Each structure stands twice: as C-alpha cells, then as structure tokens.
file structure.pdb (PDB, C-alpha atoms)
ATOM      1  CA  MET C   1      62.843 143.620 125.084
ATOM      2  CA  PRO C   2      65.758 143.260 122.670
ATOM      3  CA  HIS C   3      63.869 140.821 120.411
ATOM      4  CA  ASP C   4      60.214 140.363 119.753
ATOM      5  CA  HIS C   5      59.861 136.577 119.813
ATOM      6  CA  HIS C   6      56.399 135.142 120.240
ATOM      7  CA  HIS C   7      56.919 132.713 123.090
ATOM      8  CA  HIS C   8      58.297 134.909 125.814
ATOM      9  CA  ASP C   9      58.209 132.036 128.305
ATOM     10  CA  HIS C  10      61.040 130.340 126.377
ATOM     11  CA  LEU C  11      63.454 133.223 126.241
ATOM     12  CA  SER C  12      66.816 133.263 127.954
ATOM     13  CA  PRO C  13      67.698 136.320 130.054
ATOM     14  CA  SER C  14      69.409 137.793 126.963
ATOM     15  CA  GLY C  15      66.146 137.641 125.023
ATOM     16  CA  HIS C  16      67.041 134.688 122.760
ATOM     17  CA  PRO C  17      65.151 131.410 122.591
ATOM     18  CA  TYR C  18      66.688 128.545 124.565
ATOM     19  CA  ARG C  19      68.334 125.904 122.409
ATOM     20  CA  PRO C  20      69.048 122.277 123.273
ATOM     21  CA  ASP C  21      72.519 121.562 124.682
ATOM     22  CA  GLN C  22      73.211 119.082 121.852
ATOM     23  CA  ASP C  23      72.859 120.458 118.316
ATOM     24  CA  THR C  24      71.947 116.966 117.157
ATOM     25  CA  GLY C  25      71.372 113.746 119.053
ATOM     26  CA  LEU C  26      73.958 110.979 119.034
ATOM     27  CA  SER C  27      73.732 108.626 116.082
ATOM     28  CA  TYR C  28      73.471 104.859 116.504
ATOM     29  CA  TRP C  29      77.179 104.465 115.662
ATOM     30  CA  GLN C  30      78.278 107.261 117.993
ATOM     31  CA  VAL C  31      76.481 105.512 120.852
ATOM     32  CA  MET C  32      78.087 102.223 119.774
ATOM     33  CA  GLU C  33      81.572 103.815 119.748
ATOM     34  CA  ILE C  34      81.125 105.243 123.247
ATOM     35  CA  ALA C  35      79.802 101.930 124.574
ATOM     36  CA  ILE C  36      82.670  99.876 123.084
ATOM     37  CA  ARG C  37      85.316 102.384 124.175
ATOM     38  CA  GLU C  38      84.019 102.465 127.736
ATOM     39  CA  LEU C  39      83.845  98.674 127.873
ATOM     40  CA  MET C  40      87.392  98.278 126.537
ATOM     41  CA  ILE C  41      88.689 100.711 129.158
ATOM     42  CA  GLU C  42      86.672  99.017 131.911
ATOM     43  CA  LYS C  43      88.029  95.599 130.951
ATOM     44  CA  GLY C  44      91.608  96.884 130.778
ATOM     45  CA  VAL C  45      92.074  96.269 127.027
ATOM     46  CA  VAL C  46      93.140  99.881 126.534
ATOM     47  CA  THR C  47      93.550 102.804 128.893
ATOM     48  CA  ALA C  48      91.817 106.162 128.574
ATOM     49  CA  ALA C  49      95.273 107.726 128.198
ATOM     50  CA  GLU C  50      96.042 105.489 125.201
ATOM     51  CA  VAL C  51      92.763 106.453 123.533
ATOM     52  CA  ALA C  52      93.480 110.145 124.151
ATOM     53  CA  ALA C  53      97.038 109.792 122.798
ATOM     54  CA  GLN C  54      95.773 108.119 119.634
ATOM     55  CA  VAL C  55      93.160 110.829 119.051
ATOM     56  CA  GLU C  56      95.868 113.455 119.615
ATOM     57  CA  ALA C  57      98.188 111.735 117.114
ATOM     58  CA  MET C  58      95.404 111.665 114.516
ATOM     59  CA  ASP C  59      94.547 115.315 115.087
ATOM     60  CA  ALA C  60      98.219 116.301 114.883
ATOM     61  CA  ARG C  61      98.582 115.094 111.304
ATOM     62  CA  SER C  62      98.712 117.856 108.740
ATOM     63  CA  PRO C  63      99.174 118.176 104.983
ATOM     64  CA  ALA C  64     102.879 118.973 105.566
ATOM     65  CA  GLN C  65     104.164 115.559 104.485
ATOM     66  CA  GLY C  66     102.096 115.668 101.297
ATOM     67  CA  ALA C  67     103.423 119.153 100.528
ATOM     68  CA  ALA C  68     106.997 117.946 101.042
ATOM     69  CA  VAL C  69     106.407 115.075  98.611
ATOM     70  CA  VAL C  70     105.037 117.455  95.969
ATOM     71  CA  ALA C  71     107.920 119.917  96.430
ATOM     72  CA  ARG C  72     110.422 117.060  96.003
ATOM     73  CA  ALA C  73     108.630 115.938  92.828
ATOM     74  CA  TRP C  74     108.847 119.501  91.451
ATOM     75  CA  THR C  75     112.584 119.730  92.031
ATOM     76  CA  ASP C  76     113.812 116.175  91.417
ATOM     77  CA  PRO C  77     112.752 114.624  88.082
ATOM     78  CA  ASP C  78     113.931 111.146  89.086
ATOM     79  CA  PHE C  79     111.903 111.287  92.295
ATOM     80  CA  ARG C  80     108.909 112.532  90.306
ATOM     81  CA  ALA C  81     109.187 109.504  87.998
ATOM     82  CA  ARG C  82     109.415 107.125  90.975
ATOM     83  CA  LEU C  83     106.455 108.823  92.690
ATOM     84  CA  LEU C  84     104.230 108.429  89.627
ATOM     85  CA  GLU C  85     105.410 104.817  89.229
ATOM     86  CA  ASP C  86     104.899 103.744  92.864
ATOM     87  CA  GLY C  87     103.620 106.407  95.257
ATOM     88  CA  SER C  88     104.016 104.318  98.415
ATOM     89  CA  ALA C  89     107.667 103.425  97.721
ATOM     90  CA  ALA C  90     108.570 107.030  96.853
ATOM     91  CA  CYS C  91     107.037 108.338 100.095
ATOM     92  CA  ALA C  92     108.841 105.649 102.094
ATOM     93  CA  GLU C  93     112.092 106.968 100.594
ATOM     94  CA  MET C  94     111.353 110.300 102.288
ATOM     95  CA  GLY C  95     110.785 108.523 105.588
ATOM     96  CA  PHE C  96     107.003 108.921 105.484
ATOM     97  CA  ASP C  97     105.089 106.019 106.931
ATOM     98  CA  VAL C  98     102.705 104.865 104.259
ATOM     99  CA  LYS C  99     102.396 101.232 105.294
ATOM    100  CA  PRO C 100      98.665 101.288 105.954
ATOM    101  CA  MET C 101      97.916 102.697 102.527
ATOM    102  CA  ARG C 102      98.918 102.172  98.973
ATOM    103  CA  LEU C 103      99.387 105.459  97.253
ATOM    104  CA  ILE C 104      98.830 106.551  93.665
ATOM    105  CA  ALA C 105     100.105 109.990  92.685
ATOM    106  CA  VAL C 106      98.409 111.654  89.722
ATOM    107  CA  GLU C 107      99.950 114.689  88.084
ATOM    108  CA  ASN C 108      98.343 117.817  86.697
ATOM    109  CA  ASP C 109      99.746 119.435  83.577
ATOM    110  CA  ALA C 110      98.650 121.995  81.001
ATOM    111  CA  ALA C 111      96.180 119.520  79.466
ATOM    112  CA  THR C 112      95.010 117.553  82.529
ATOM    113  CA  HIS C 113      93.439 118.328  85.886
ATOM    114  CA  ASN C 114      92.960 115.559  88.454
ATOM    115  CA  VAL C 115      90.515 115.553  91.364
ATOM    116  CA  VAL C 116      90.013 112.909  94.064
ATOM    117  CA  VAL C 117      86.772 111.761  95.694
ATOM    118  CA  CYS C 118      85.581 108.678  97.549
ATOM    119  CA  THR C 119      81.946 108.130  96.574
ATOM    120  CA  LEU C 120      81.539 105.107  98.863
ATOM    121  CA  CYS C 121      82.836 106.620 102.114
ATOM    122  CA  SER C 122      85.697 109.048 102.734
ATOM    123  CA  CYS C 123      88.963 107.277 101.820
ATOM    124  CA  TYR C 124      91.754 109.830 102.067
ATOM    125  CA  PRO C 125      95.571 109.666 102.344
ATOM    126  CA  ARG C 126      95.558 110.648 106.023
ATOM    127  CA  ASN C 127      99.232 109.834 106.545
ATOM    128  CA  LEU C 128     100.183 112.496 104.015
ATOM    129  CA  LEU C 129      97.343 115.016 104.227
ATOM    130  CA  GLY C 130      96.035 114.695 107.788
ATOM    131  CA  LEU C 131      92.342 114.359 108.538
ATOM    132  CA  PRO C 132      89.991 115.012 105.625
ATOM    133  CA  PRO C 133      88.025 118.258 105.650
ATOM    134  CA  ASP C 134      84.345 117.907 106.542
ATOM    135  CA  TRP C 135      83.205 118.750 103.017
ATOM    136  CA  TYR C 136      85.249 115.831 101.633
ATOM    137  CA  LYS C 137      83.019 113.496 103.654
ATOM    138  CA  SER C 138      79.759 115.230 102.715
ATOM    139  CA  ARG C 139      77.280 113.438 100.500
ATOM    140  CA  ALA C 140      77.121 116.505  98.270
ATOM    141  CA  TYR C 141      80.855 116.436  97.442
ATOM    142  CA  ARG C 142      80.911 112.651  97.098
ATOM    143  CA  SER C 143      77.968 112.430  94.719
ATOM    144  CA  ARG C 144      78.441 115.623  92.724
ATOM    145  CA  THR C 145      82.187 115.267  92.022
ATOM    146  CA  VAL C 146      81.571 112.250  89.782
ATOM    147  CA  ARG C 147      78.377 113.704  88.267
ATOM    148  CA  GLU C 148      79.373 117.326  87.587
ATOM    149  CA  PRO C 149      83.061 117.733  88.488
ATOM    150  CA  ARG C 150      83.546 121.033  86.667
ATOM    151  CA  THR C 151      80.622 122.617  88.511
ATOM    152  CA  VAL C 152      82.024 121.446  91.845
ATOM    153  CA  LEU C 153      85.495 122.774  90.951
ATOM    154  CA  ALA C 154      83.986 126.111  89.898
ATOM    155  CA  GLU C 155      82.367 126.368  93.336
ATOM    156  CA  PHE C 156      85.876 125.997  94.800
ATOM    157  CA  GLY C 157      86.931 128.898  92.559
ATOM    158  CA  LEU C 158      88.597 126.744  89.923
ATOM    159  CA  ASN C 159      87.219 127.417  86.445
ATOM    160  CA  LEU C 160      88.855 125.089  83.941
ATOM    161  CA  PRO C 161      88.805 125.721  80.188
ATOM    162  CA  ASP C 162      87.230 123.043  77.979
ATOM    163  CA  ASP C 163      90.616 122.074  76.498
ATOM    164  CA  VAL C 164      91.780 120.830  79.916
ATOM    165  CA  THR C 165      90.646 117.235  80.505
ATOM    166  CA  VAL C 166      89.245 116.607  83.982
ATOM    167  CA  ARG C 167      90.106 113.219  85.437
ATOM    168  CA  VAL C 168      88.070 112.249  88.487
ATOM    169  CA  HIS C 169      89.572 109.521  90.685
ATOM    170  CA  ASP C 170      87.013 107.613  92.727
ATOM    171  CA  SER C 171      88.936 106.062  95.610
ATOM    172  CA  THR C 172      86.720 102.972  95.743
ATOM    173  CA  ALA C 173      88.979 100.254  97.154
ATOM    174  CA  ASP C 174      92.542  99.764  98.412
ATOM    175  CA  MET C 175      94.364 102.742  96.922
ATOM    176  CA  ARG C 176      94.708 106.295  98.187
ATOM    177  CA  TYR C 177      95.359 109.258  95.912
ATOM    178  CA  ILE C 178      97.393 112.444  95.965
ATOM    179  CA  VAL C 179      97.333 115.040  93.207
ATOM    180  CA  VAL C 180     100.660 116.571  92.212
ATOM    181  CA  PRO C 181      99.569 120.083  91.236
ATOM    182  CA  SER C 182     101.368 122.033  88.522
ATOM    183  CA  ARG C 183     104.357 124.015  89.732
ATOM    184  CA  PRO C 184     103.459 127.710  89.677
ATOM    185  CA  ALA C 185     105.307 130.026  87.318
ATOM    186  CA  GLY C 186     107.996 132.248  88.815
ATOM    187  CA  THR C 187     109.214 129.679  91.349
ATOM    188  CA  GLU C 188     112.515 128.784  89.638
ATOM    189  CA  GLY C 189     114.687 130.202  92.415
ATOM    190  CA  LEU C 190     112.819 128.615  95.344
ATOM    191  CA  ASP C 191     114.168 125.715  97.383
ATOM    192  CA  GLU C 192     112.123 122.673  98.418
ATOM    193  CA  ALA C 193     110.976 124.140 101.736
ATOM    194  CA  ALA C 194     109.794 127.371 100.109
ATOM    195  CA  LEU C 195     108.039 125.400  97.380
ATOM    196  CA  ALA C 196     106.312 123.146  99.935
ATOM    197  CA  ALA C 197     104.767 126.259 101.499
ATOM    198  CA  LEU C 198     102.929 126.855  98.208
ATOM    199  CA  VAL C 199     101.343 123.399  98.160
ATOM    200  CA  THR C 200      97.884 123.604  99.734
ATOM    201  CA  ARG C 201      95.807 120.705 100.989
ATOM    202  CA  ASP C 202      93.124 121.529  98.426
ATOM    203  CA  SER C 203      95.663 121.442  95.583
ATOM    204  CA  MET C 204      96.576 117.874  96.602
ATOM    205  CA  ILE C 205      92.900 116.821  96.624
ATOM    206  CA  GLY C 206      92.519 118.545  93.278
ATOM    207  CA  VAL C 207      89.900 121.148  94.176
ATOM    208  CA  GLY C 208      92.513 123.894  93.992
ATOM    209  CA  VAL C 209      95.907 124.745  92.535
ATOM    210  CA  ALA C 210      99.201 125.577  94.210
ATOM    211  CA  ARG C 211      99.664 129.136  95.527
ATOM    212  CA  GLU C 212     101.541 131.737  93.533
ATOM    213  CA  PRO C 213     104.767 132.780  95.290
TER     214      PRO C 213
ATOM    215  CA  MET F   1      94.355  85.248  83.256
ATOM    216  CA  PRO F   2      94.795  88.858  84.440
ATOM    217  CA  LEU F   3      93.673  91.612  82.143
ATOM    218  CA  GLU F   4      96.199  93.908  80.489
ATOM    219  CA  PRO F   5      96.117  97.718  80.567
ATOM    220  CA  GLY F   6      93.906  98.955  77.742
ATOM    221  CA  ALA F   7      91.547  95.942  77.877
ATOM    222  CA  ARG F   8      87.888  96.912  77.400
ATOM    223  CA  VAL F   9      85.748  95.788  80.308
ATOM    224  CA  ARG F  10      82.177  96.130  81.523
ATOM    225  CA  VAL F  11      81.232  96.315  85.191
ATOM    226  CA  ARG F  12      78.807  93.516  85.980
ATOM    227  CA  SER F  13      75.251  94.614  86.683
ATOM    228  CA  MET F  14      74.717  92.620  89.820
ATOM    229  CA  THR F  15      73.426  93.682  93.207
ATOM    230  CA  PRO F  16      74.683  91.221  95.804
ATOM    231  CA  PRO F  17      73.908  91.995  99.439
ATOM    232  CA  GLY F  18      76.665  92.915 101.897
ATOM    233  CA  HIS F  19      79.782  95.093 101.875
ATOM    234  CA  VAL F  20      80.540  95.824  98.229
ATOM    235  CA  ARG F  21      83.146  98.268  96.928
ATOM    236  CA  THR F  22      81.806  98.650  93.404
ATOM    237  CA  PRO F  23      79.879 101.932  93.151
ATOM    238  CA  PHE F  24      76.329 101.528  91.903
ATOM    239  CA  TYR F  25      76.668 104.328  89.341
ATOM    240  CA  LEU F  26      79.335 102.345  87.439
ATOM    241  CA  ARG F  27      77.473  99.040  87.195
ATOM    242  CA  GLY F  28      76.832  98.057  83.591
ATOM    243  CA  LYS F  29      79.275 100.736  82.357
ATOM    244  CA  THR F  30      82.143 100.048  79.969
ATOM    245  CA  GLY F  31      85.684 101.343  80.330
ATOM    246  CA  ALA F  32      89.329 100.440  79.791
ATOM    247  CA  VAL F  33      91.828  99.019  82.261
ATOM    248  CA  GLU F  34      94.185 101.872  83.234
ATOM    249  CA  ARG F  35      96.525  99.783  85.404
ATOM    250  CA  VAL F  36      96.600  96.484  87.245
ATOM    251  CA  LEU F  37      96.896  96.485  91.044
ATOM    252  CA  GLY F  38      96.966  93.916  93.792
ATOM    253  CA  PRO F  39      96.300  91.114  94.318
ATOM    254  CA  PHE F  40      94.362  92.206  97.400
ATOM    255  CA  GLY F  41      91.972  90.285  99.657
ATOM    256  CA  ASN F  42      88.357  90.438  98.495
ATOM    257  CA  PRO F  43      86.749  93.136 100.704
ATOM    258  CA  GLU F  44      83.375  91.409 100.426
ATOM    259  CA  GLN F  45      84.864  88.575 102.525
ATOM    260  CA  LEU F  46      87.269  90.648 104.649
ATOM    261  CA  ALA F  47      84.392  92.824 105.882
ATOM    262  CA  TYR F  48      82.916  89.834 107.698
ATOM    263  CA  GLY F  49      86.178  88.394 109.005
ATOM    264  CA  HIS F  50      86.159  85.529 106.496
ATOM    265  CA  ALA F  51      89.253  84.109 104.820
ATOM    266  CA  ALA F  52      89.589  86.371 101.784
ATOM    267  CA  GLU F  53      90.358  85.286  98.253
ATOM    268  CA  ARG F  54      93.264  87.263  96.731
ATOM    269  CA  LEU F  55      92.037  89.014  93.597
ATOM    270  CA  PRO F  56      93.513  91.362  91.014
ATOM    271  CA  LEU F  57      92.254  94.915  91.426
ATOM    272  CA  TYR F  58      91.894  97.003  88.290
ATOM    273  CA  ARG F  59      91.856 100.740  87.896
ATOM    274  CA  VAL F  60      89.268 101.192  85.167
ATOM    275  CA  ARG F  61      88.897 104.467  83.274
ATOM    276  CA  PHE F  62      85.411 105.448  82.099
ATOM    277  CA  ARG F  63      84.575 108.319  79.756
ATOM    278  CA  MET F  64      82.113 110.789  81.252
ATOM    279  CA  ASP F  65      79.599 110.288  78.420
ATOM    280  CA  GLU F  66      79.625 106.534  79.072
ATOM    281  CA  VAL F  67      78.669 107.083  82.699
ATOM    282  CA  TRP F  68      76.405 110.112  82.161
ATOM    283  CA  PRO F  69      75.048 110.339  78.577
ATOM    284  CA  ASP F  70      74.250 114.048  79.027
ATOM    285  CA  ALA F  71      77.769 114.962  80.209
ATOM    286  CA  PRO F  72      78.706 118.436  78.936
ATOM    287  CA  ASN F  73      82.410 117.452  78.668
ATOM    288  CA  PRO F  74      82.168 113.913  77.289
ATOM    289  CA  ALA F  75      85.935 113.276  77.142
ATOM    290  CA  ASP F  76      86.478 113.922  80.858
ATOM    291  CA  THR F  77      87.026 110.673  82.749
ATOM    292  CA  ILE F  78      86.277 108.823  85.967
ATOM    293  CA  ASP F  79      88.805 106.261  87.201
ATOM    294  CA  ALA F  80      87.738 103.732  89.819
ATOM    295  CA  GLU F  81      89.202 100.591  91.375
ATOM    296  CA  ILE F  82      87.138  97.527  90.519
ATOM    297  CA  TYR F  83      87.812  93.972  91.700
ATOM    298  CA  ALA F  84      88.343  91.298  89.051
ATOM    299  CA  HIS F  85      85.133  89.365  89.765
ATOM    300  CA  TRP F  86      83.087  92.489  88.964
ATOM    301  CA  LEU F  87      84.447  92.799  85.418
ATOM    302  CA  GLU F  88      83.546  91.057  82.182
ATOM    303  CA  PRO F  89      85.114  91.507  78.737
ATOM    304  CA  ALA F  90      83.409  94.183  76.627
TER     305      ALA F  90
END
call {"tool": "encode", "arguments": {"input": "structure.pdb", "output": "structure tokens"}}
result
Amino acid sequence: MPHDHHHHDHLSPSGHPYRPDQDTGLSYWQVMEIAIRELMIEKGVVTAAEVAAQVEAMDARSPAQGAAVVARAWTDPDFRARLLEDGSAACAEMGFDVKPMRLIAVENDAATHNVVVCTLCSCYPRNLLGLPPDWYKSRAYRSRTVREPRTVLAEFGLNLPDDVTVRVHDSTADMRYIVVPSRPAGTEGLDEAALAALVTRDSMIGVGVAREP
Amino acid sequence: MPLEPGARVRVRSMTPPGHVRTPFYLRGKTGAVERVLGPFGNPEQLAYGHAAERLPLYRVRFRMDEVWPDAPNPADTIDAEIYAHWLEPA
C-alpha cells in the first residue's frame, strides 16, 4: 500500500482517503443567489446568456486602467493635480467609466505611505483595478490593517522606516480609493506605456510599491 | 451648517440596529475633518429602500494612538468616511 492510513475501507484506488465533492457546503447567501438567479431566468427577467456575459465582463476587468492612470499622473503634473483634486473626473478624462464610484486618489511620497482597506466589507475600485484579490476580502486583512498596518505591510514584504507616516484609508462609505505609488528611480526615459507596466495591483492598494525597471 | 476641513469631531457612541456604515472601532473616537464629501443619501435608509435623506459625508482623520492607545507608531493615521449624523463637535 502506498500510504498507511487507518481506515482502509475509505481509501480510493490510489490509496488516499476519499474527500467530499464540495470543499465546503453552500452558504445561506450562495443558496439565495442561485435561487433568485434561477427564478429570474425562469420568469424571463434575464437570460442565462446575459448572466454569463455579465460575469465574463466582471472577470475580464484588470488593473490595467488603474496602471494607466498612475502612469499618466507620473508624466503629466497637471493631470496629477486634477487626479488628486477629483479622482472620478480625472479618470473620466481618460475615457474610463467611473460613474458607479467616486474615486479618491492618495499619493505616496518620501514621507508618506498610503494603504487601502474596507473594514466593513470589501469596497474596491473594481472599474480601475478589476476584481479584488481574495486576501483583500479576508477578515484578517480587514481587521489587522487598521490595527497593525505596519505588521501587515511587512508580511507583504514592505518594511517601512519609522520616519515614513503610514496613512490607512478605511473605505467605509461612498468613496473608492486608489494609491498613486512613488515613481521608481531610473525611469526618466520611459514613456507612459512602459511606466504603466511597472504599476502593480498591490502598489495601487498600497501593500506594495511600483516595480523597478 | 456643514463642518469645515480641520474641524475636531467625535464619532457618536451609539449602536443603532440595521445597516450602519460607521465602523465600531471608531465610535467614541476623536479626529479632524480631512475633507467634505457628498451630500449622499443616508445608507441607513437606502439599505431598506426608503427615501434617503441627503447628508454631508466627512472624511475624518484619526491618529493611531487615539484609536489604539498602545499603537507603536502613534502619528500614523486612519482616515474613514463618516456621515454627518454620526459626528459631534469635540
């Protein structure tokens, strides 16, 4: 036998214990979502194809638009000023649909590091950054980022000196947040597209910094 | 009368039932208005499909040592959006 488990009756032919088909059962709200979706399709309110198309559109979003906004802010001081003044209007200028959200851009510099969290749920600028990573929605990230932000950042590999002020932004109500990370040194010759490639999702949440070229 | 940026405010220590967008950990804490937003519909009414009162929304900045007295970096800050009816002058 490849493995010496105790209950040989429950072993698969490969010698491993059988596991349930579902890792976890459906939650109350997952059951509710399935029930409502099936009813809406059955009653002709929406079609299954429309639901699938909407899910596909949500999944297709990426942090590319956010990275383009940051790269523009790095290269165009007037745009940067407008972005910090009114994030939604500045993004609309670039043709990015920000209607459903109101955006605040916060900028890192030598003395300040910004990080975004939503302690109440998982508010996130999806139009600019795509779907939030799973850890952003975890209770651990949500509770610890306001309680011990520097420890959380260190776990992401970001060790900040004491003379850098950490500003945590708890996205509690109507606004969404994007961090404008500091422009890396040695990027003077790069154009906007090359700069955008250095702007990571994590740097726009504030748990990382932009890549070195 | 809307508050001005810089105004010192305290988050009311109340615990109403229902959909509330004021985090518990900030209740009773004092900070300063960072900027004025809105007016937006009161989410406590919107959540139940009621006609919503339009309220100013304030971004309030709290020092870490105000929120957590044992904070190792007391001058770090937490900014949060708090609706007008949750704030009182401090």
call {"tool": "residues_around", "arguments": {"input": "structure.pdb", "residues": "region 39-56 of chain F", "least_positions_apart": "4", "cutoff": "7 Å", "atoms": "all atoms listed in the file", "output": "MDAnalysis selection string"}}
result
chainID F and resid 19:20 83:84
call {"tool": "closest_residue", "arguments": {"input": "structure.pdb", "among": "C:Arg37, C:Arg183, C:Arg211, C:Arg147", "to": "Met64 (chain F)", "atoms": "only C-alpha atoms"}}
result
C:Arg147
call {"tool": "resolve_selection", "arguments": {"input": "structure.pdb", "expression": "the PyMOL selection byres ((chain C and resi 113) around 12)", "output": "ChimeraX atom specification"}}
result
/C:106-112,114-116,149-150,153,158-169,179-182,203-209 /F:76-78
call {"tool": "atom_distance", "arguments": {"input": "structure.pdb", "atom1": "CA of Leu131 (chain C)", "atom2": "CA of Ser27 (chain C)"}}
result
20.9 Å
call {"tool": "resolve_selection", "arguments": {"input": "structure.pdb", "expression": "the PyMOL selection byres ((chain C and resi 69) around 9)", "output": "list in words"}}
result
Ala64, Gln65, Gly66, Ala67, Ala68, Val70, Ala71, Arg72, Ala73, Trp74, Leu83, Ala90, Cys91, Met94, Leu128, Val180 and Ala196 of chain C
call {"tool": "interface_residues", "arguments": {"input": "structure.pdb", "of": "chain F", "to": "chain C", "cutoff": "8 Å", "atoms": "only C-alpha atoms", "output": "list in words"}}
result
Arg21, Thr22, Pro23, Phe40, Trp68, Ala71, Asn73, Ala75, Asp76, Thr77, Ile78, Asp79, Ala80, Glu81 and Ile82 of chain F
call {"tool": "resolve_selection", "arguments": {"input": "structure.pdb", "expression": "the PyMOL selection byres ((chain F and resi 7) around 12)", "output": "PyMOL selection string"}}
result
chain F and resi 2-6+8-10+30-36+58-61+87-90
call {"tool": "atom_distance", "arguments": {"input": "structure.pdb", "atom1": "CA of Pro213 (chain C)", "atom2": "CA of Phe156 (chain C)"}}
result
20.1 Å
call {"tool": "atom_distance", "arguments": {"input": "structure.pdb", "atom1": "CA of Ile36 (chain C)", "atom2": "CA of Ser122 (chain C)"}}
result
22.5 Å
